[in-house]
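With mmCIF, C-alpha atoms inside, this is start15.cif:
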```cif
data_data
loop_
_atom_site.group_PDB
_atom_site.id
_atom_site.type_symbol
_atom_site.label_atom_id
_atom_site.label_comp_id
_atom_site.auth_asym_id
_atom_site.auth_seq_id
_atom_site.Cartn_x
_atom_site.Cartn_y
_atom_site.Cartn_z
ATOM 1 C CA MET Z 78 -45.005 -21.622 138.878
ATOM 2 C CA SER Z 79 -46.641 -24.588 137.179
ATOM 3 C CA ASN Z 80 -50.369 -25.031 136.872
ATOM 4 C CA GLU Z 81 -50.097 -28.181 139.025
ATOM 5 C CA SER Z 82 -49.184 -26.036 142.020
ATOM 6 C CA LEU Z 83 -52.014 -23.562 141.501
ATOM 7 C CA LYS Z 84 -55.059 -24.201 143.662
ATOM 8 C CA ILE Z 85 -58.114 -22.583 142.134
ATOM 9 C CA GLY Z 86 -61.151 -22.098 144.341
ATOM 10 C CA ILE Z 87 -64.519 -22.597 142.712
ATOM 11 C CA CYS Z 88 -68.114 -22.459 143.891
ATOM 12 C CA ALA Z 89 -71.651 -22.289 142.597
ATOM 13 C CA ASP Z 90 -75.217 -22.374 143.749
ATOM 14 C CA HIS Z 91 -77.954 -24.244 141.872
ATOM 15 C CA GLY Z 92 -77.927 -21.662 139.066
ATOM 16 C CA GLY Z 93 -74.295 -22.375 138.274
ATOM 17 C CA PHE Z 94 -73.943 -25.963 139.465
ATOM 18 C CA ASP Z 95 -73.700 -27.606 136.034
ATOM 19 C CA LEU Z 96 -71.176 -25.046 134.800
ATOM 20 C CA LYS Z 97 -69.102 -25.474 137.986
ATOM 21 C CA GLU Z 98 -68.888 -29.218 137.454
ATOM 22 C CA ARG Z 99 -67.793 -28.674 133.864
ATOM 23 C CA ILE Z 100 -65.168 -26.079 134.882
ATOM 24 C CA ILE Z 101 -63.773 -28.381 137.590
ATOM 25 C CA SER Z 102 -63.090 -31.003 134.913
ATOM 26 C CA PHE Z 103 -61.623 -28.338 132.638
ATOM 27 C CA LEU Z 104 -59.292 -27.120 135.410
ATOM 28 C CA LYS Z 105 -58.052 -30.673 135.994
ATOM 29 C CA GLU Z 106 -57.501 -31.173 132.253
ATOM 30 C CA ASN Z 107 -55.355 -28.014 132.291
ATOM 31 C CA ASN Z 108 -53.356 -29.187 135.310
ATOM 32 C CA PHE Z 109 -54.831 -26.832 137.891
ATOM 33 C CA GLN Z 110 -55.920 -28.036 141.339
ATOM 34 C CA PRO Z 111 -59.594 -27.140 141.783
ATOM 35 C CA VAL Z 112 -60.783 -26.627 145.352
ATOM 36 C CA ASP Z 113 -64.564 -27.018 145.460
ATOM 37 C CA PHE Z 114 -66.275 -24.702 147.945
ATOM 38 C CA GLY Z 115 -69.700 -26.102 147.065
ATOM 39 C CA ALA Z 116 -72.386 -26.724 146.337
ATOM 40 C CA LYS Z 117 -71.535 -30.405 146.369
ATOM 41 C CA GLU Z 118 -74.917 -31.420 145.013
ATOM 42 C CA LEU Z 119 -77.707 -29.714 143.125
ATOM 43 C CA ASP Z 120 -80.175 -28.095 145.540
ATOM 44 C CA ASN Z 121 -82.595 -25.581 144.089
ATOM 45 C CA ALA Z 122 -83.115 -24.011 147.528
ATOM 46 C CA ASP Z 123 -79.455 -23.157 148.216
ATOM 47 C CA ASP Z 124 -78.081 -19.596 148.472
ATOM 48 C CA PHE Z 125 -74.976 -18.356 146.647
ATOM 49 C CA PRO Z 126 -73.555 -16.368 149.616
ATOM 50 C CA ASP Z 127 -73.119 -19.653 151.517
ATOM 51 C CA TYR Z 128 -70.481 -20.671 148.950
ATOM 52 C CA VAL Z 129 -69.181 -17.361 147.631
ATOM 53 C CA ILE Z 130 -68.209 -15.875 151.005
ATOM 54 C CA PRO Z 131 -65.996 -18.821 152.078
ATOM 55 C CA LEU Z 132 -64.394 -18.828 148.626
ATOM 56 C CA ALA Z 133 -63.742 -15.081 148.755
ATOM 57 C CA LYS Z 134 -62.190 -15.398 152.214
ATOM 58 C CA ALA Z 135 -59.942 -18.215 150.961
ATOM 59 C CA VAL Z 136 -58.775 -16.004 148.077
ATOM 60 C CA THR Z 137 -57.833 -13.138 150.403
ATOM 61 C CA ALA Z 138 -56.164 -15.542 152.862
ATOM 62 C CA GLY Z 139 -54.004 -16.945 150.051
ATOM 63 C CA GLU Z 140 -55.418 -20.453 150.485
ATOM 64 C CA VAL Z 141 -56.164 -20.503 146.748
ATOM 65 C CA PHE Z 142 -54.430 -18.661 143.912
ATOM 66 C CA ARG Z 143 -57.650 -17.233 142.465
ATOM 67 C CA GLY Z 144 -61.365 -17.883 142.628
ATOM 68 C CA ILE Z 145 -64.242 -18.669 140.296
ATOM 69 C CA ALA Z 146 -67.782 -17.989 141.561
ATOM 70 C CA ILE Z 147 -70.843 -18.985 139.563
ATOM 71 C CA CYS Z 148 -74.517 -18.286 140.114
ATOM 72 C CA GLY Z 149 -77.394 -17.985 137.647
ATOM 73 C CA SER Z 150 -76.405 -14.604 136.213
ATOM 74 C CA GLY Z 151 -73.083 -14.087 137.990
ATOM 75 C CA VAL Z 152 -74.331 -10.796 139.420
ATOM 76 C CA GLY Z 153 -75.193 -12.014 142.910
ATOM 77 C CA ALA Z 154 -71.908 -13.907 143.209
ATOM 78 C CA CYS Z 155 -70.047 -10.734 142.240
ATOM 79 C CA VAL Z 156 -71.917 -8.565 144.734
ATOM 80 C CA ALA Z 157 -71.283 -11.048 147.556
ATOM 81 C CA ALA Z 158 -67.601 -11.595 146.721
ATOM 82 C CA ASN Z 159 -66.838 -7.884 146.652
ATOM 83 C CA LYS Z 160 -68.115 -7.502 150.221
ATOM 84 C CA ILE Z 161 -64.945 -9.272 151.417
ATOM 85 C CA SER Z 162 -62.027 -6.901 151.927
ATOM 86 C CA GLY Z 163 -59.226 -7.645 149.491
ATOM 87 C CA VAL Z 164 -61.410 -9.313 146.887
ATOM 88 C CA ARG Z 165 -61.462 -7.771 143.456
ATOM 89 C CA ALA Z 166 -64.216 -9.656 141.652
ATOM 90 C CA ALA Z 167 -65.928 -8.937 138.366
ATOM 91 C CA LEU Z 168 -68.691 -10.469 136.312
ATOM 92 C CA ILE Z 169 -66.883 -11.459 133.134
ATOM 93 C CA THR Z 170 -68.576 -12.057 129.795
ATOM 94 C CA ASP Z 171 -65.786 -11.338 127.305
ATOM 95 C CA TYR Z 172 -62.208 -12.457 126.683
ATOM 96 C CA PHE Z 173 -60.609 -9.003 126.902
ATOM 97 C CA SER Z 174 -62.025 -8.281 130.351
ATOM 98 C CA ALA Z 175 -61.049 -11.753 131.588
ATOM 99 C CA HIS Z 176 -57.339 -10.995 131.192
ATOM 100 C CA GLN Z 177 -57.380 -7.181 131.391
ATOM 101 C CA GLY Z 178 -59.094 -7.289 134.775
ATOM 102 C CA VAL Z 179 -56.075 -9.131 136.138
ATOM 103 C CA GLU Z 180 -53.449 -7.188 134.197
ATOM 104 C CA ASP Z 181 -54.667 -3.712 135.193
ATOM 105 C CA ASP Z 182 -56.878 -4.196 138.261
ATOM 106 C CA ASP Z 183 -55.343 -7.281 139.909
ATOM 107 C CA MET Z 184 -58.712 -9.063 139.770
ATOM 108 C CA ASN Z 185 -58.503 -12.186 141.896
ATOM 109 C CA LEU Z 186 -61.974 -13.660 141.516
ATOM 110 C CA ILE Z 187 -63.990 -14.141 138.348
ATOM 111 C CA CYS Z 188 -67.770 -14.404 138.376
ATOM 112 C CA LEU Z 189 -69.709 -16.223 135.696
ATOM 113 C CA GLY Z 190 -73.391 -16.719 134.970
ATOM 114 C CA GLY Z 191 -74.301 -20.373 134.775
ATOM 115 C CA ARG Z 192 -77.535 -19.588 132.935
ATOM 116 C CA VAL Z 193 -76.005 -17.147 130.464
ATOM 117 C CA THR Z 194 -72.443 -18.371 129.781
ATOM 118 C CA GLY Z 195 -71.905 -21.350 127.498
ATOM 119 C CA TYR Z 196 -69.383 -24.050 128.341
ATOM 120 C CA ALA Z 197 -66.869 -23.210 125.609
ATOM 121 C CA SER Z 198 -67.033 -19.512 126.382
ATOM 122 C CA ALA Z 199 -66.632 -20.138 130.127
ATOM 123 C CA GLU Z 200 -63.565 -22.286 129.509
ATOM 124 C CA GLU Z 201 -61.993 -19.570 127.367
ATOM 125 C CA LEU Z 202 -62.742 -16.883 129.958
ATOM 126 C CA VAL Z 203 -61.398 -18.964 132.850
ATOM 127 C CA LEU Z 204 -58.165 -19.753 131.029
ATOM 128 C CA ALA Z 205 -57.630 -16.093 130.086
ATOM 129 C CA PHE Z 206 -58.241 -15.106 133.731
ATOM 130 C CA LEU Z 207 -55.932 -17.741 135.186
ATOM 131 C CA ASN Z 208 -53.081 -17.156 132.743
ATOM 132 C CA ALA Z 209 -53.107 -13.359 133.085
ATOM 133 C CA LYS Z 210 -50.560 -11.584 135.273
ATOM 134 C CA PHE Z 211 -50.892 -8.251 137.090
ATOM 135 C CA ILE Z 212 -48.715 -5.679 135.296
ATOM 136 C CA GLY Z 213 -48.219 -3.505 138.372
ATOM 137 C CA ALA Z 214 -47.735 -0.228 136.534
ATOM 138 C CA GLU Z 215 -47.594 2.864 138.747
ATOM 139 C CA ARG Z 216 -51.060 4.024 137.673
ATOM 140 C CA HIS Z 217 -52.531 0.608 138.505
ATOM 141 C CA LEU Z 218 -50.873 0.536 141.919
ATOM 142 C CA ARG Z 219 -52.100 4.078 142.612
ATOM 143 C CA ARG Z 220 -55.677 3.093 141.793
ATOM 144 C CA LEU Z 221 -55.532 -0.077 143.874
ATOM 145 C CA LYS Z 222 -54.211 1.923 146.827
ATOM 146 C CA LYS Z 223 -57.272 4.173 146.627
ATOM 147 C CA ILE Z 224 -59.524 1.103 146.745
ATOM 148 C CA GLN Z 225 -57.578 -0.394 149.647
ATOM 149 C CA ASN Z 226 -57.902 2.892 151.547
ATOM 150 C CA LEU Z 227 -61.669 2.680 151.102
ATOM 151 C CA GLU Z 228 -61.703 -0.871 152.472
ATOM 152 C CA ASN Z 229 -59.761 0.232 155.545
ATOM 153 C CA ASN Z 230 -62.241 3.005 156.449
#
```

Encoded form using structure tokens:
Amino acid sequence: MSNESLKIGICADHGGFDLKERIISFLKENNFQPVDFGAKELDNADDFPDYVIPLAKAVTAGEVFRGIAICGSGVGACVAANKISGVRAALITDYFSAHQGVEDDDMNLICLGGRVTGYASAEELVLAFLNAKFIGAERHLRRLKKIQNLENN
């Protein structure tokens, strides 16, 4: 599958707006199709759940390949995203976790902190996340099944 065919959902509130705009350009430069779930303009009174929840639902529905959610610290975006059944989101601050989260845990949504993650670092983390593939080893599948069972209760 080529990058051109991969739709990547992205969203941010005011705390991550500038980083979101930068990452959208970066995704285009790397031949991904960004799908912007908002905010469409900088509004210091907006709330991250208004953007993160629709993005998370799009990820689980398969409307986008993976998602990128950005708020000031990334923490709130991560908390909100993980409330949606089927989302496996993590706040990522290092390269290893960006790809390992996908490889071992089938992470499908990355959260970044717009106020704490620099542009170059964010680009590196996003690329590692998007290029990683789930390994699907028996132990990983077993662990995911336990999480899915929790979501179904």

Between Z:Val179, Z:Leu83, Z:Leu227, Z:Leu119, which has the minimum distance to Z:Asp95 (counting all atoms listed in the file)? Z:Leu119

Exactly which residues make up the result of the PyMOL selection byres ((chain Z and resi 131) around 10) on this file, given as a PDB file with C-alpha atoms, in the coordinates of the input?
```pdb
ATOM      1  CA  GLY Z  86     -61.151 -22.098 144.341  1.00  0.00           C
ATOM      2  CA  CYS Z  88     -68.114 -22.459 143.891  1.00  0.00           C
ATOM      3  CA  PHE Z 114     -66.275 -24.702 147.945  1.00  0.00           C
ATOM      4  CA  GLY Z 115     -69.700 -26.102 147.065  1.00  0.00           C
ATOM      5  CA  PRO Z 126     -73.555 -16.368 149.616  1.00  0.00           C
ATOM      6  CA  ASP Z 127     -73.119 -19.653 151.517  1.00  0.00           C
ATOM      7  CA  TYR Z 128     -70.481 -20.671 148.950  1.00  0.00           C
ATOM      8  CA  VAL Z 129     -69.181 -17.361 147.631  1.00  0.00           C
ATOM      9  CA  ILE Z 130     -68.209 -15.875 151.005  1.00  0.00           C
ATOM     10  CA  LEU Z 132     -64.394 -18.828 148.626  1.00  0.00           C
ATOM     11  CA  ALA Z 133     -63.742 -15.081 148.755  1.00  0.00           C
ATOM     12  CA  LYS Z 134     -62.190 -15.398 152.214  1.00  0.00           C
ATOM     13  CA  ALA Z 135     -59.942 -18.215 150.961  1.00  0.00           C
ATOM     14  CA  VAL Z 136     -58.775 -16.004 148.077  1.00  0.00           C
ATOM     15  CA  ALA Z 158     -67.601 -11.595 146.721  1.00  0.00           C
ATOM     16  CA  ILE Z 161     -64.945  -9.272 151.417  1.00  0.00           C
TER      17      ILE Z 161
END
```

Find the residues near Z:Glu98: any atom within 10 Å, counting only C-alpha atoms, skip ones fewer than 2 places away on the same chain, and give them as an mmCIF file with C-alpha atoms, in the frame of the given file.
```cif
data_model
loop_
_atom_site.group_PDB
_atom_site.id
_atom_site.type_symbol
_atom_site.label_atom_id
_atom_site.label_comp_id
_atom_site.auth_asym_id
_atom_site.auth_seq_id
_atom_site.Cartn_x
_atom_site.Cartn_y
_atom_site.Cartn_z
ATOM 1 C CA ILE Z 87 -64.519 -22.597 142.712
ATOM 2 C CA CYS Z 88 -68.114 -22.459 143.891
ATOM 3 C CA ALA Z 89 -71.651 -22.289 142.597
ATOM 4 C CA GLY Z 93 -74.295 -22.375 138.274
ATOM 5 C CA PHE Z 94 -73.943 -25.963 139.465
ATOM 6 C CA ASP Z 95 -73.700 -27.606 136.034
ATOM 7 C CA LEU Z 96 -71.176 -25.046 134.800
ATOM 8 C CA ILE Z 100 -65.168 -26.079 134.882
ATOM 9 C CA ILE Z 101 -63.773 -28.381 137.590
ATOM 10 C CA SER Z 102 -63.090 -31.003 134.913
ATOM 11 C CA PHE Z 103 -61.623 -28.338 132.638
ATOM 12 C CA ASP Z 113 -64.564 -27.018 145.460
ATOM 13 C CA ALA Z 116 -72.386 -26.724 146.337
ATOM 14 C CA LYS Z 117 -71.535 -30.405 146.369
ATOM 15 C CA GLU Z 118 -74.917 -31.420 145.013
#
```

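Residue nearest Z:Lys160 within the list Z:Asp123, Z:Asp182, Z:Glu228, Z:Glu215: Z:Glu228 [criterion: smallest interatomic distance, all atoms listed in the file].
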
From the options Z:Arg192, Z:His91, Z:Lys84, Z:Lys223, which residue's atoms come nearest to Z:Val112, counting all atoms listed in the file?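 Using all atoms listed in the file, Z:Val112 sits closest to Z:Lys84.
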
Selection result for the PyMOL selection byres ((chain Z and resi 200) around 12) on this file, as a PyMOL selection string: chain Z and resi 96-107+145+169-172+175+189+194-199+201-207

Could you save those same residues with C-alpha atoms as a PDB file, in the coordinates of the input?
```
ATOM      1  CA  LEU Z  96     -71.176 -25.046 134.800  1.00  0.00           C
ATOM      2  CA  LYS Z  97     -69.102 -25.474 137.986  1.00  0.00           C
ATOM      3  CA  GLU Z  98     -68.888 -29.218 137.454  1.00  0.00           C
ATOM      4  CA  ARG Z  99     -67.793 -28.674 133.864  1.00  0.00           C
ATOM      5  CA  ILE Z 100     -65.168 -26.079 134.882  1.00  0.00           C
ATOM      6  CA  ILE Z 101     -63.773 -28.381 137.590  1.00  0.00           C
ATOM      7  CA  SER Z 102     -63.090 -31.003 134.913  1.00  0.00           C
ATOM      8  CA  PHE Z 103     -61.623 -28.338 132.638  1.00  0.00           C
ATOM      9  CA  LEU Z 104     -59.292 -27.120 135.410  1.00  0.00           C
ATOM     10  CA  LYS Z 105     -58.052 -30.673 135.994  1.00  0.00           C
ATOM     11  CA  GLU Z 106     -57.501 -31.173 132.253  1.00  0.00           C
ATOM     12  CA  ASN Z 107     -55.355 -28.014 132.291  1.00  0.00           C
ATOM     13  CA  ILE Z 145     -64.242 -18.669 140.296  1.00  0.00           C
ATOM     14  CA  ILE Z 169     -66.883 -11.459 133.134  1.00  0.00           C
ATOM     15  CA  THR Z 170     -68.576 -12.057 129.795  1.00  0.00           C
ATOM     16  CA  ASP Z 171     -65.786 -11.338 127.305  1.00  0.00           C
ATOM     17  CA  TYR Z 172     -62.208 -12.457 126.683  1.00  0.00           C
ATOM     18  CA  ALA Z 175     -61.049 -11.753 131.588  1.00  0.00           C
ATOM     19  CA  LEU Z 189     -69.709 -16.223 135.696  1.00  0.00           C
ATOM     20  CA  THR Z 194     -72.443 -18.371 129.781  1.00  0.00           C
ATOM     21  CA  GLY Z 195     -71.905 -21.350 127.498  1.00  0.00           C
ATOM     22  CA  TYR Z 196     -69.383 -24.050 128.341  1.00  0.00           C
ATOM     23  CA  ALA Z 197     -66.869 -23.210 125.609  1.00  0.00           C
ATOM     24  CA  SER Z 198     -67.033 -19.512 126.382  1.00  0.00           C
ATOM     25  CA  ALA Z 199     -66.632 -20.138 130.127  1.00  0.00           C
ATOM     26  CA  GLU Z 201     -61.993 -19.570 127.367  1.00  0.00           C
ATOM     27  CA  LEU Z 202     -62.742 -16.883 129.958  1.00  0.00           C
ATOM     28  CA  VAL Z 203     -61.398 -18.964 132.850  1.00  0.00           C
ATOM     29  CA  LEU Z 204     -58.165 -19.753 131.029  1.00  0.00           C
ATOM     30  CA  ALA Z 205     -57.630 -16.093 130.086  1.00  0.00           C
ATOM     31  CA  PHE Z 206     -58.241 -15.106 133.731  1.00  0.00           C
ATOM     32  CA  LEU Z 207     -55.932 -17.741 135.186  1.00  0.00           C
TER      33      LEU Z 207
END
```

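Comparing the minimum interatomic distances between Z:Ala157 and each of Z:Ile224, Z:Asn185, Z:Phe125, Z:His176, counting all atoms listed in the file, we find that Z:Phe125 sits nearest.
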
To verify the selection step, state as a ChimeraX atom specification which residues the PyMOL selection byres ((chain Z and resi 163) around 8) yields on this input. /Z:137,161-162,164-165,225,228

Dump C-alpha atoms for the selected residues as a PDB file, in the frame of the given file?
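The result, written out as out04.pdb:
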```
ATOM      1  CA  THR Z 137     -57.833 -13.138 150.403  1.00  0.00           C
ATOM      2  CA  ILE Z 161     -64.945  -9.272 151.417  1.00  0.00           C
ATOM      3  CA  SER Z 162     -62.027  -6.901 151.927  1.00  0.00           C
ATOM      4  CA  VAL Z 164     -61.410  -9.313 146.887  1.00  0.00           C
ATOM      5  CA  ARG Z 165     -61.462  -7.771 143.456  1.00  0.00           C
ATOM      6  CA  GLN Z 225     -57.578  -0.394 149.647  1.00  0.00           C
ATOM      7  CA  GLU Z 228     -61.703  -0.871 152.472  1.00  0.00           C
TER       8      GLU Z 228
END
```

Under the rule that only C-alpha atoms are counted, which of Z:Asn208, Z:Asn230, Z:Ser150, Z:Asn108 is the nearest residue to Z:Val193? Z:Ser150

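Here atom CA of Z:Asn121 stands at a distance of 22.0 Å from atom CA of Z:Leu168.
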
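The two atoms in question, atom CA of Z:Gly213 and atom CA of Z:Gln110, are spaced 25.9 Å apart.
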
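For the atom pair formed by atom CA of Z:Ala209 and atom CA of Z:Gln177, the distance is 7.7 Å, given to one decimal.
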
Provide an axis-aligned box for all listed atoms of stretch 104-110 of chain Z, padding each side by 5 Å; report its centre and its edge lengths in Å to one decimal, as JSON.
```
{"center_x": -56.3, "center_y": -29.0, "center_z": 136.8, "size_x": 15.9, "size_y": 14.3, "size_z": 19.1}
```

So which residues fall inside 10 Å of (-52.4, -2.1, 138.5) if we count only C-alpha atoms? Mind giving them as a list in words?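 Result, sorted by chain then residue number: Gly178, Val179, Glu180, Asp181, Asp182, Asp183, Met184, Phe211, Ile212, Gly213, Ala214, Glu215, Arg216, His217, Leu218, Arg219, Arg220, Leu221 and Lys222 of chain Z.
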
Nearest residue to Z:Ile187 out of Z:Phe173, Z:Ala154, Z:Gly144, Z:Ala122, using all atoms listed in the file?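 Of Z:Phe173, Z:Ala154, Z:Gly144, Z:Ala122, the one nearest Z:Ile187 is Z:Gly144, counting all atoms listed in the file.
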
Since the input lacks atoms, please generate N, CA and C atoms for stretch 144-166 of chain Z and provide them as a short mmCIF file (atom, residue, chain, number, x, y, z; two decimals), in the coordinates of the input.
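Below is the file that was written, selection-v7.cif:
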```
data_model
loop_
_atom_site.label_atom_id
_atom_site.label_comp_id
_atom_site.auth_asym_id
_atom_site.auth_seq_id
_atom_site.Cartn_x
_atom_site.Cartn_y
_atom_site.Cartn_z
N GLY Z 144 -60.06 -17.27 142.45
CA GLY Z 144 -61.36 -17.88 142.63
C GLY Z 144 -62.28 -17.73 141.43
N ILE Z 145 -63.21 -18.67 141.33
CA ILE Z 145 -64.24 -18.67 140.30
C ILE Z 145 -65.57 -18.87 141.01
N ALA Z 146 -66.47 -17.90 140.91
CA ALA Z 146 -67.78 -17.99 141.56
C ALA Z 146 -68.86 -17.94 140.49
N ILE Z 147 -69.81 -18.86 140.59
CA ILE Z 147 -70.84 -18.98 139.56
C ILE Z 147 -72.21 -19.03 140.23
N CYS Z 148 -73.10 -18.19 139.74
CA CYS Z 148 -74.52 -18.29 140.11
C CYS Z 148 -75.30 -18.18 138.81
N GLY Z 149 -76.59 -18.01 138.87
CA GLY Z 149 -77.39 -17.98 137.65
C GLY Z 149 -76.94 -16.94 136.65
N SER Z 150 -76.83 -15.69 137.10
CA SER Z 150 -76.40 -14.60 136.21
C SER Z 150 -74.96 -14.20 136.44
N GLY Z 151 -74.41 -14.54 137.60
CA GLY Z 151 -73.08 -14.09 137.99
C GLY Z 151 -73.12 -12.80 138.79
N VAL Z 152 -74.23 -12.09 138.75
CA VAL Z 152 -74.33 -10.80 139.42
C VAL Z 152 -74.31 -10.96 140.94
N GLY Z 153 -75.14 -11.82 141.47
CA GLY Z 153 -75.19 -12.01 142.91
C GLY Z 153 -73.86 -12.48 143.47
N ALA Z 154 -73.22 -13.42 142.78
CA ALA Z 154 -71.91 -13.91 143.21
C ALA Z 154 -70.91 -12.76 143.27
N CYS Z 155 -70.96 -11.87 142.30
CA CYS Z 155 -70.05 -10.73 142.24
C CYS Z 155 -70.31 -9.76 143.39
N VAL Z 156 -71.56 -9.47 143.64
CA VAL Z 156 -71.92 -8.56 144.73
C VAL Z 156 -71.42 -9.14 146.05
N ALA Z 157 -71.69 -10.42 146.30
CA ALA Z 157 -71.28 -11.05 147.56
C ALA Z 157 -69.77 -11.08 147.70
N ALA Z 158 -69.07 -11.48 146.66
CA ALA Z 158 -67.60 -11.60 146.72
C ALA Z 158 -66.95 -10.26 147.05
N ASN Z 159 -67.45 -9.20 146.45
CA ASN Z 159 -66.84 -7.88 146.65
C ASN Z 159 -67.10 -7.29 148.03
N LYS Z 160 -67.90 -7.94 148.84
CA LYS Z 160 -68.11 -7.50 150.22
C LYS Z 160 -66.94 -7.90 151.12
N ILE Z 161 -66.09 -8.81 150.64
CA ILE Z 161 -64.94 -9.27 151.42
C ILE Z 161 -63.74 -8.40 151.08
N SER Z 162 -63.18 -7.79 152.10
CA SER Z 162 -62.03 -6.90 151.93
C SER Z 162 -60.88 -7.65 151.26
N GLY Z 163 -60.34 -7.04 150.22
CA GLY Z 163 -59.23 -7.64 149.49
C GLY Z 163 -59.64 -8.40 148.25
N VAL Z 164 -60.93 -8.63 148.09
CA VAL Z 164 -61.41 -9.31 146.89
C VAL Z 164 -61.65 -8.27 145.81
N ARG Z 165 -61.21 -8.59 144.63
CA ARG Z 165 -61.46 -7.77 143.46
C ARG Z 165 -62.12 -8.69 142.43
N ALA Z 166 -63.43 -8.74 142.49
CA ALA Z 166 -64.22 -9.66 141.65
C ALA Z 166 -64.94 -8.88 140.57
#
```
